[in-house]
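Working notes, structure below.
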Amino acid sequence: MGYVERLSTGVQGFDELLAGGIPRGFFVAVTGEPGCGKTIFALHFAAQGVREGDKVIYVTTEESRESIVRQAAQFGWDFKKALEDRRLVIIDALLRERGDPWSLVEVTVEELIDKVIEAKRYLGYGRARLIIDSMSAFWLDKPVMARKYSYQVKRVLSRWDFTALLISQYAITTMQAYGWGLEHIADGIIRFTRRLAGGRLRRYVLVEKMRQTPHDLHLWEIDIQPGKGMVLLGKTQLRAEDVSLPEEVYERIARRGEPK
């Protein structure tokens, strides 16, 4: 195997699980149910890109641009300055404001692709990182289209020198994706999950797939710490199927989310 340029995830110790980082140009699916650490992982990847001088585009569909900036600040990353310095663009698909140049008025794959390309031209030539948090928003009402939309995004945007994290939400009640397809087109899959142990919520991560890479095959426990972000605590002896929450817990959470 020849030389493979790799991009650091920004999470201390995580690059070692990937033989040095994510290969340049890869589109990686980051999967898991809510609350597992997917967005924090994506923020690390974006912040590392800013530090290394990459062009960084962050598409947020479930939180506002301001919320992403505030979260980053909690871990010491100045996304506000990065925005001002044209090192970062945050495309806000939540508010859908027509007067905002970096907002998606319609949450469609076509508009997503056009806006990401526009942002890349705005940031200029060079190695680029793309985060879409999350892809699930583009097929929530038509999950059968997930594979087609995922392929469309990869086919078009891979020409623009992006290394991408494409986040996929799993349903909290079923532990299954909102539409199958993203994992099939991805060059890599990083799966986050969680379980209750001893009355405490514990989070885990597993590199399920990474092409051209002799990656780690263990399930690792992680933690989210103030001022640090994501921290690897150590590998476990658990299997991936061992770390899902008990079924009755999912049912209780689902009932809490039901309209009164």
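Residue numbering restarts at 1 for every chain of the structure tokens, chains are lettered A, B, ... in their displayed order, and ligands are numbered from 1 as they appear.
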Give me the residues of range 36-126 of chain A that have any atom at most 12 Å from an atom of range 12-29 of chain A; for each, the nearest atom pair and the distance in Å, rounded to one decimal. Use only C-alpha atoms, sort by chain and number, and format it as CSV.
residue,atom,partner,partner_atom,distance
A:Lys38,CA,A:Ala29,CA,10.3
A:Phe41,CA,A:Phe14,CA,10.2
A:Ala42,CA,A:Ala29,CA,11.1
A:His44,CA,A:Gln12,CA,9.6
A:Phe45,CA,A:Ile22,CA,10.1
A:Gln48,CA,A:Gln12,CA,10.9
A:Asp54,CA,A:Arg24,CA,11.7
Could those selected residues go to a file with C-alpha atoms, as a CSV table (one decimal), in the first residue's frame?
chain,number,residue,atom,x,y,z
A,38,LYS,CA,-21.6,12.6,17.2
A,41,PHE,CA,-16.8,14.5,17.4
A,42,ALA,CA,-17.7,16.6,14.3
A,44,HIS,CA,-13.3,18.3,17.0
A,45,PHE,CA,-12.9,17.5,13.3
A,48,GLN,CA,-8.7,20.6,13.8
A,54,ASP,CA,-8.1,23.6,5.9
What's the 7 Å shell around Val59 in chain A, counting only C-alpha atoms, without same-chain residues fewer than 2 positions away, as a ChimeraX atom specification?
/A:57,61,90-92,131-133
Shell around range 75-89 of chain A at 7 Å using only C-alpha atoms, local window under 5 positions removed, as a PyMOL selection string
chain A and resi 47+50+55-58+69+119+123+226-229
Can those selected residues be exported to a file as a CSV table (one decimal), in the first residue's frame so that it contains C-alpha atoms?
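The new file result-v6.csv reads:
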chain,number,residue,atom,x,y,z
A,47,ALA,CA,-11.7,22.7,14.9
A,50,VAL,CA,-9.3,25.4,11.3
A,55,LYS,CA,-11.2,25.1,4.4
A,56,VAL,CA,-14.0,24.0,6.7
A,57,ILE,CA,-17.7,23.8,5.9
A,58,TYR,CA,-20.2,22.8,8.6
A,69,VAL,CA,-20.5,28.5,17.8
A,119,ALA,CA,-19.1,28.0,0.3
A,123,LEU,CA,-13.3,30.0,1.1
A,226,PRO,CA,-15.7,20.4,30.0
A,227,GLY,CA,-12.9,22.3,28.3
A,228,LYS,CA,-11.6,19.2,26.6
A,229,GLY,CA,-14.4,17.7,24.5
Within 10 Å of range 109-111 of chain A, counting only C-alpha atoms, which residues qualify if same-chain residues fewer than 6 places away don't, as a PyMOL selection string?
chain A and resi 103+117+135+137-139+149-150+152-153
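Minimum atom-to-atom distance to Leu104 in chain A, evaluated using only C-alpha atoms, belongs to A:Val116 out of A:Val116, A:Leu201, A:Ile224, A:Leu165.
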Go through A:Ile113, A:Arg98, A:Tyr204, A:Leu140 and flag the residue nearest Met230 in chain A, using only C-alpha atoms for the distances.
A:Tyr204
Nearest candidate to Gln225 in chain A (options A:Ile40, A:Val4, A:Val156, A:Val207; using only C-alpha atoms):
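Residue with the minimum atom-to-atom distance to Gln225 in chain A: A:Ile40.
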Please, which residues of range 138-217 of chain A, numbered as in this document, come out strand (DSSP E or B) from DSSP, as a PyMOL selection string?
chain A and resi 162-170+177+188-197+200-210
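Nearest to His215 in chain A of all the residues A:Ile190, A:Ala146, A:Leu196, A:Ile185 is A:Ile190, counting only C-alpha atoms.
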Run DSSP on the backbone and give me the residues of range 35-133 of chain A it puts in helix (DSSP H, G or I), as a VMD selection string.
chain A and resid 38 to 52 65 to 74 79 to 84 109 to 123
For the residues in that selection, give me C-alpha atoms as a short mmCIF file (atom, residue, chain, number, x, y, z; two decimals), in the first residue's frame.
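again_14.cif written:
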data_model
loop_
_atom_site.label_atom_id
_atom_site.label_comp_id
_atom_site.auth_asym_id
_atom_site.auth_seq_id
_atom_site.Cartn_x
_atom_site.Cartn_y
_atom_site.Cartn_z
CA LYS A 38 -21.55 12.57 17.21
CA THR A 39 -21.76 16.37 17.11
CA ILE A 40 -18.87 16.76 19.57
CA PHE A 41 -16.77 14.49 17.36
CA ALA A 42 -17.71 16.61 14.33
CA LEU A 43 -16.77 19.81 16.19
CA HIS A 44 -13.34 18.32 16.97
CA PHE A 45 -12.87 17.52 13.27
CA ALA A 46 -13.88 21.06 12.27
CA ALA A 47 -11.69 22.73 14.90
CA GLN A 48 -8.70 20.64 13.85
CA GLY A 49 -9.27 21.72 10.26
CA VAL A 50 -9.26 25.37 11.27
CA ARG A 51 -5.99 24.83 13.17
CA GLU A 52 -4.38 23.16 10.17
CA ARG A 65 -25.32 28.44 13.67
CA GLU A 66 -25.14 30.33 16.97
CA SER A 67 -25.59 27.11 18.92
CA ILE A 68 -22.69 25.47 17.06
CA VAL A 69 -20.46 28.50 17.77
CA ARG A 70 -21.42 28.42 21.47
CA GLN A 71 -20.74 24.70 21.79
CA ALA A 72 -17.34 25.10 20.18
CA ALA A 73 -16.48 27.93 22.58
CA GLN A 74 -17.18 25.63 25.55
CA PHE A 79 -15.45 29.46 15.60
CA LYS A 80 -16.59 33.11 15.58
CA LYS A 81 -13.11 34.29 14.62
CA ALA A 82 -12.75 31.45 12.11
CA LEU A 83 -15.96 32.64 10.44
CA GLU A 84 -14.67 36.21 10.30
CA VAL A 109 -30.12 17.57 -1.47
CA GLU A 110 -29.91 19.79 -4.55
CA GLU A 111 -29.83 23.00 -2.51
CA LEU A 112 -27.38 21.41 -0.06
CA ILE A 113 -24.93 20.56 -2.84
CA ASP A 114 -25.23 24.00 -4.46
CA LYS A 115 -24.68 25.80 -1.15
CA VAL A 116 -21.68 23.65 -0.17
CA ILE A 117 -20.03 24.33 -3.55
CA GLU A 118 -20.76 28.05 -3.15
CA ALA A 119 -19.14 27.98 0.30
CA LYS A 120 -16.06 26.19 -1.05
CA ARG A 121 -15.63 28.83 -3.74
CA TYR A 122 -16.02 31.53 -1.08
CA LEU A 123 -13.32 29.96 1.12
#
Pick out the closest residue to Arg159 in chain A from this set: A:Ala128, A:Leu7, A:Val30, A:Val144. Count only C-alpha atoms.
A:Ala128
